[in-house]
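> Structure provided below as structure tokens; questions to follow.
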Amino acid sequence: MSAQRGNEEQEEKETNTEPGGDTAEEDGGVPGGEEVRSGSSASVKVVLVPEGHVMTVAFAIELSIHELKRHLASELRVPADVLQISLDGRAVEEHKSLMELGVRPHSSTRMEMSSTDPSFHPLRPLRPLEHDSMPDVITVQVEADGGVLQEVVVEIERPRHQKAFLGGYRHRLMGVEYHHAAVQTLPKRRPDRGVAVFSRDTQTVELKSQAQQCPINASTQMTGIGCYVSCMNDSLVTPGKYTTADEYHDRRLRAVIRLQTFARRWLAQQAVDHLRKERARRLAWLEMQERRRNEEKEEQLRDRRNRWLNPKRQEDFNLLYQALEKWRNEEEQRISSSLRGAERKAALCALLDQEMDLIAAIGRHHIAVHSDNYDKAVRNFLDKSASPHQRRAADGRLIEIETQNTIRARELRDLYDSISLTTVSQEQRLHFLMTLKHTVKEQECELTRDIMDLVDREVDLMTRGVKSAKLEGLRKRICTLLLQYIKTPAFNPEVAKLLKVPQNPSQLKNDMILCQYCHRYLRLTDFIMSASGSLNRQCRQCARLNNIARSRDDFTFYKSILMRLRADEQRLNAEAKIPFLLKVQDMQYLVEAVWASRSALSASIDLYNLVFVRWDRHKDWSPWNCILLSKEETSAHLEVEDIHTTYDTTLIHEIERKHAQARRHFSQVPVMSEHLDTHPAAVLGNQLVSKPITMAIVKHTKDITQTSDH
């Protein structure tokens, strides 16, 4: 059968009347459901006004326009009474058929259809856009009986299900993939050859087992009448010792025992070798752990020594002041124990002078480091403001976006770098100053006028031959004013997001606090917030000066313990919260007040070697589920399954007492009280006695806190 498509050209955007897949069936009926012959149908193109979409349907020419409207209304999901069909600009009567309108069989006609109520019932096509490339109706020629070609109108049917993936293959050289496709045509049936190929007899196997014994002929010959057999090669056989069944079984038993002896010896050798290897591996692991601990301790000491010799951060200067305080105490004790009277006073005065000299040296070094850090901070600030915006694309690439503000910030950064240069010629310096003057004179304000006055002054002094060394102060003033110009959002909008002080004064309404020591109004971020949520009325700078002048404490030990605790808990439980709620001061309280700065097992006082681990390793870490141990003891403690059967009862009660002390302290913290156990274990074994005592202590502590606040 041969088939070819009709000559239907899709001049407009056609819309399918039956949404679905890509199968085709012959037009054996009409939309109304009446049976019509294949030779009395025609293709009707209905243009949806005013969208211009085209719907093509195969319709019987004997049916009326009313039945066509009913079919199109069901396809468009609108009432049939709101549809109006016209032909050549004139409305068509509903009782007329296509034949009465002059439509011939197997031909096509074009009609317009509009809605009388487009607001509530608009005409919209229902077929997806991806099916627009396939026509709705095709005309094919089939060969009928007698070799006569007959035209048949075929309407494309699109089922809604998706075809299954049947696999395929890939070309090894070109890399092109070919997929197997499902078709509607049934496979061609093979002709019957008259032979039964699906028979049970051909698939059944019969098996039979039967023993066979072949006959063997044997004969002997001996000396007789008329026959002589020589006996020269005969051998004399004498009977040996008779072995009884008991002797045979006893010999087999001894052989089995001997084999078992050798086998057990081999197994014992294997077990001993395994134990020897495990012992060597264990000793190697212990040696590696000991070497790692020694390396960590040496690294800490080396880092501490480097911080002494070359301090760069505030923690490094705290370490210097702590070492100075330790040296002063030792010298004071030595003087007090060895000298008396006027000699003791003179020695203490000399000690005071030495301490003042050391404090002055530390202060000078701090000023130099602060100057270097200030230059680095300015450089980082300018680089951040001039950096382009970065966005992550859908494919994971990092995209940099340049805006007008970033370009402006980059120009100001380059200008600041040029003005900050000291080793330039006089011509280059004049060029940089003129560029600065032309840049700032675009905005008229007091700051820009000051900058232009300083620029004119330097240009005037340079033209008079003043040396560069005498212009150093003037140039620093120009750099300072230029940096202030760059930090102004009105002149450089990109720095608005980097400034610590917000430009909107309303944001400072509830964010300013008075420091009770320096009597300055500072932002909330300039004060230290404890884990209890209470705000210290002393700003960070006053706290630093107070520490330098009085206590001279160094929190490096407690900070390293807290950092290691957070890393360990993050590795064990990614949702751990309590270690990240604690501050360095809270860790200092735990180490000093609760655990007395020593290991709970070995009483080691080396803070470099102490770490916090879980007391019960099956529960998350908390101040009431922890123990302070040395690094050598942590690995053995974490292998303990049952605490009460491993440790002594006295040690367990002592640790539970420390846990109760930590629980009473941190129960006053709102964010920590959420993680407290509902029914904590009694410390002394009697919950009825311990619970009122704990609440009384907490209440007394709160009263003391409130009194101190007043």
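Quick note on naming: the chains in the structure tokens go A, B, ... in the order shown, residues restart at 1 in each chain, and ligands are numbered from 1 in order of appearance.
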Using only C-alpha atoms, determine which residues lie at most 10 Å from Asp81 of chain A, disregarding the query and same-chain residues fewer than 3 positions distant; provide the list as a list in words.

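Contacts, in chain order: His66, Lys69, Arg70, Ala73, Val78, Gln84, Ser115, Thr116 and Asp117 of chain A.
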
> The selected residues should be written to file as an mmCIF file, in the first residue's frame (atoms: C-alpha atoms).


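Once everything was written out, this is part.cif:
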```
data_model
loop_
_atom_site.group_PDB
_atom_site.id
_atom_site.type_symbol
_atom_site.label_atom_id
_atom_site.label_comp_id
_atom_site.auth_asym_id
_atom_site.auth_seq_id
_atom_site.Cartn_x
_atom_site.Cartn_y
_atom_site.Cartn_z
ATOM 1 C CA HIS A 66 -24.612 22.995 14.196
ATOM 2 C CA LYS A 69 -20.044 23.822 16.343
ATOM 3 C CA ARG A 70 -20.825 21.147 18.927
ATOM 4 C CA ALA A 73 -17.076 23.501 21.444
ATOM 5 C CA VAL A 78 -16.508 26.370 25.708
ATOM 6 C CA GLN A 84 -20.211 31.969 15.710
ATOM 7 C CA SER A 115 -16.772 33.992 20.448
ATOM 8 C CA THR A 116 -19.738 36.193 21.247
ATOM 9 C CA ASP A 117 -18.463 36.496 24.867
#
```

> Which residues come within 10 Å of Val369 of chain A, counting only C-alpha atoms, excluding same-chain residues fewer than 5 positions away, as a list in words?

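That gives Asn310, Pro311, Lys312, Arg313, Gly363, Arg364, Tyr374 and Asp375 of chain A.
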
> Tell me, as number ranges by chain, which residues lie within 10 Å of segment 612-615 of chain A, counting only C-alpha atoms; anything in the same chain fewer than 3 positions away does not count.

A: 561-562, 564-566, 568-569, 587, 590-591, 599, 618-631, 634-635, 637-638, 640, 643, 655-656, 659

> The selected residues should be written to file as a short mmCIF file (atom, residue, chain, number, x, y, z; two decimals), in the first residue's frame (atoms: C-alpha atoms).


```cif
data_model
loop_
_atom_site.label_atom_id
_atom_site.label_comp_id
_atom_site.auth_asym_id
_atom_site.auth_seq_id
_atom_site.Cartn_x
_atom_site.Cartn_y
_atom_site.Cartn_z
CA ILE A 561 40.82 24.17 73.97
CA LEU A 562 37.51 25.61 72.71
CA ARG A 564 39.64 21.79 69.42
CA LEU A 565 36.40 20.93 71.23
CA ARG A 566 34.32 22.47 68.43
CA ASP A 568 35.87 17.25 67.58
CA GLU A 569 32.15 17.71 68.17
CA MET A 587 35.74 27.93 78.86
CA LEU A 590 35.06 25.50 83.25
CA VAL A 591 38.81 24.91 83.29
CA SER A 599 43.31 16.48 84.46
CA HIS A 618 26.94 8.17 73.67
CA LYS A 619 25.59 11.67 74.52
CA ASP A 620 26.45 15.06 73.05
CA TRP A 621 29.07 17.17 74.78
CA SER A 622 27.86 19.70 77.34
CA PRO A 623 29.31 21.31 80.48
CA TRP A 624 27.44 18.64 82.49
CA ASN A 625 28.67 15.79 80.27
CA CYS A 626 32.40 16.44 79.95
CA ILE A 627 35.73 15.58 81.52
CA LEU A 628 39.07 17.37 81.34
CA LEU A 629 41.85 14.93 80.37
CA SER A 630 45.30 15.00 78.89
CA LYS A 631 45.76 14.08 75.26
CA THR A 634 41.50 10.71 75.71
CA SER A 635 41.92 7.70 73.42
CA HIS A 637 38.57 7.07 77.78
CA LEU A 638 36.68 7.18 74.48
CA VAL A 640 35.01 2.90 77.54
CA ILE A 643 31.51 4.20 82.86
CA ILE A 655 32.92 14.08 88.46
CA GLU A 656 29.14 14.17 88.96
CA HIS A 659 28.82 18.38 86.53
#
```

> May I have all residues of segment 186-354 of chain A that DSSP, computed from the backbone, assigns to alpha helix (DSSP H), given as a VMD selection string?

chain A and resid 245 to 309 314 to 338 341 to 354

> Atom CA of Arg540 of chain A to atom CA of Asn380 of chain A: how many Å, to one decimal?

23.0 Å

> In terms of the shortest atom-to-atom distance over only C-alpha atoms, which of A:Glu112, A:Asp414, A:Glu287, A:Asp450 is closest to Val54 of chain A?

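Checking each candidate against Val54 of chain A, we get A:Glu112 as the closest.
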
> Identify which of the residues A:Val176, A:Ile548, A:Ile528, A:Leu283 lies closest to Gln322 of chain A, counting only C-alpha atoms when measuring atom-to-atom distances.

A:Ile548

> Could you state the separation of atom CA of Ile451 of chain A and atom CA of Ile478 of chain A in Å, given to one decimal place?

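Atom CA of Ile478 of chain A lies at a distance of 6.4 Å from atom CA of Ile451 of chain A.
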
> Interatomic distance between atom CA of Glu278 of chain A and atom CA of Asp642 of chain A?

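So the two atoms, atom CA of Glu278 of chain A and atom CA of Asp642 of chain A, lie 24.8 Å apart.
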
> Hey, what's within 8 Å of segment 486-501 of chain A if we count only C-alpha atoms and toss same-chain stuff fewer than 3 positions away? As a PyMOL selection string, please?

chain A and resi 381+385-386+405-406+408-409+412+443+482-483

> Pull the strand (DSSP E or B) assignments for segment 318-524 of chain A out of DSSP run on the backbone, and list those residues as a PyMOL selection string.

chain A and resi 389-392+398-401+512-514+521-523

> What's the 10 Å shell around Arg328 of chain A, counting only C-alpha atoms, without same-chain residues fewer than 5 positions away, as an NGL selection string?

:A and (322-323 or 333-334 or 348 or 351-352 or 354-355)

> Near Gln516 of chain A, within 7 Å and counting only C-alpha atoms, which residues show up once chain neighbours fewer than 2 positions away are dropped, as a list in words?

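Residues meeting the cut-off are Leu514, Cys518, His519, Arg537 and Gln538 of chain A.
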
> Just N, CA, C and O atoms for this one: save the residues we selected as a compact mmCIF listing (two decimals), in the first residue's frame.


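Generated output (part_4.txt):
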```txt
# COMPACT_ATOMS: atom_id res chain seq x y z
N LEU A 514 26.30 53.35 76.39
CA LEU A 514 27.30 54.16 77.08
C LEU A 514 28.26 53.26 77.83
O LEU A 514 27.84 52.41 78.63
N CYS A 518 34.99 54.63 79.91
CA CYS A 518 35.48 55.74 79.09
C CYS A 518 34.40 56.77 78.80
O CYS A 518 34.68 57.81 78.19
N HIS A 519 33.14 56.50 79.20
CA HIS A 519 32.01 57.42 79.04
C HIS A 519 31.85 57.84 77.58
O HIS A 519 31.64 59.01 77.27
N ARG A 537 29.08 46.27 80.55
CA ARG A 537 29.06 47.72 80.34
C ARG A 537 30.44 48.28 80.06
O ARG A 537 30.61 49.50 80.03
N GLN A 538 31.40 47.44 79.88
CA GLN A 538 32.77 47.86 79.58
C GLN A 538 33.08 47.50 78.13
O GLN A 538 32.92 46.36 77.71
```
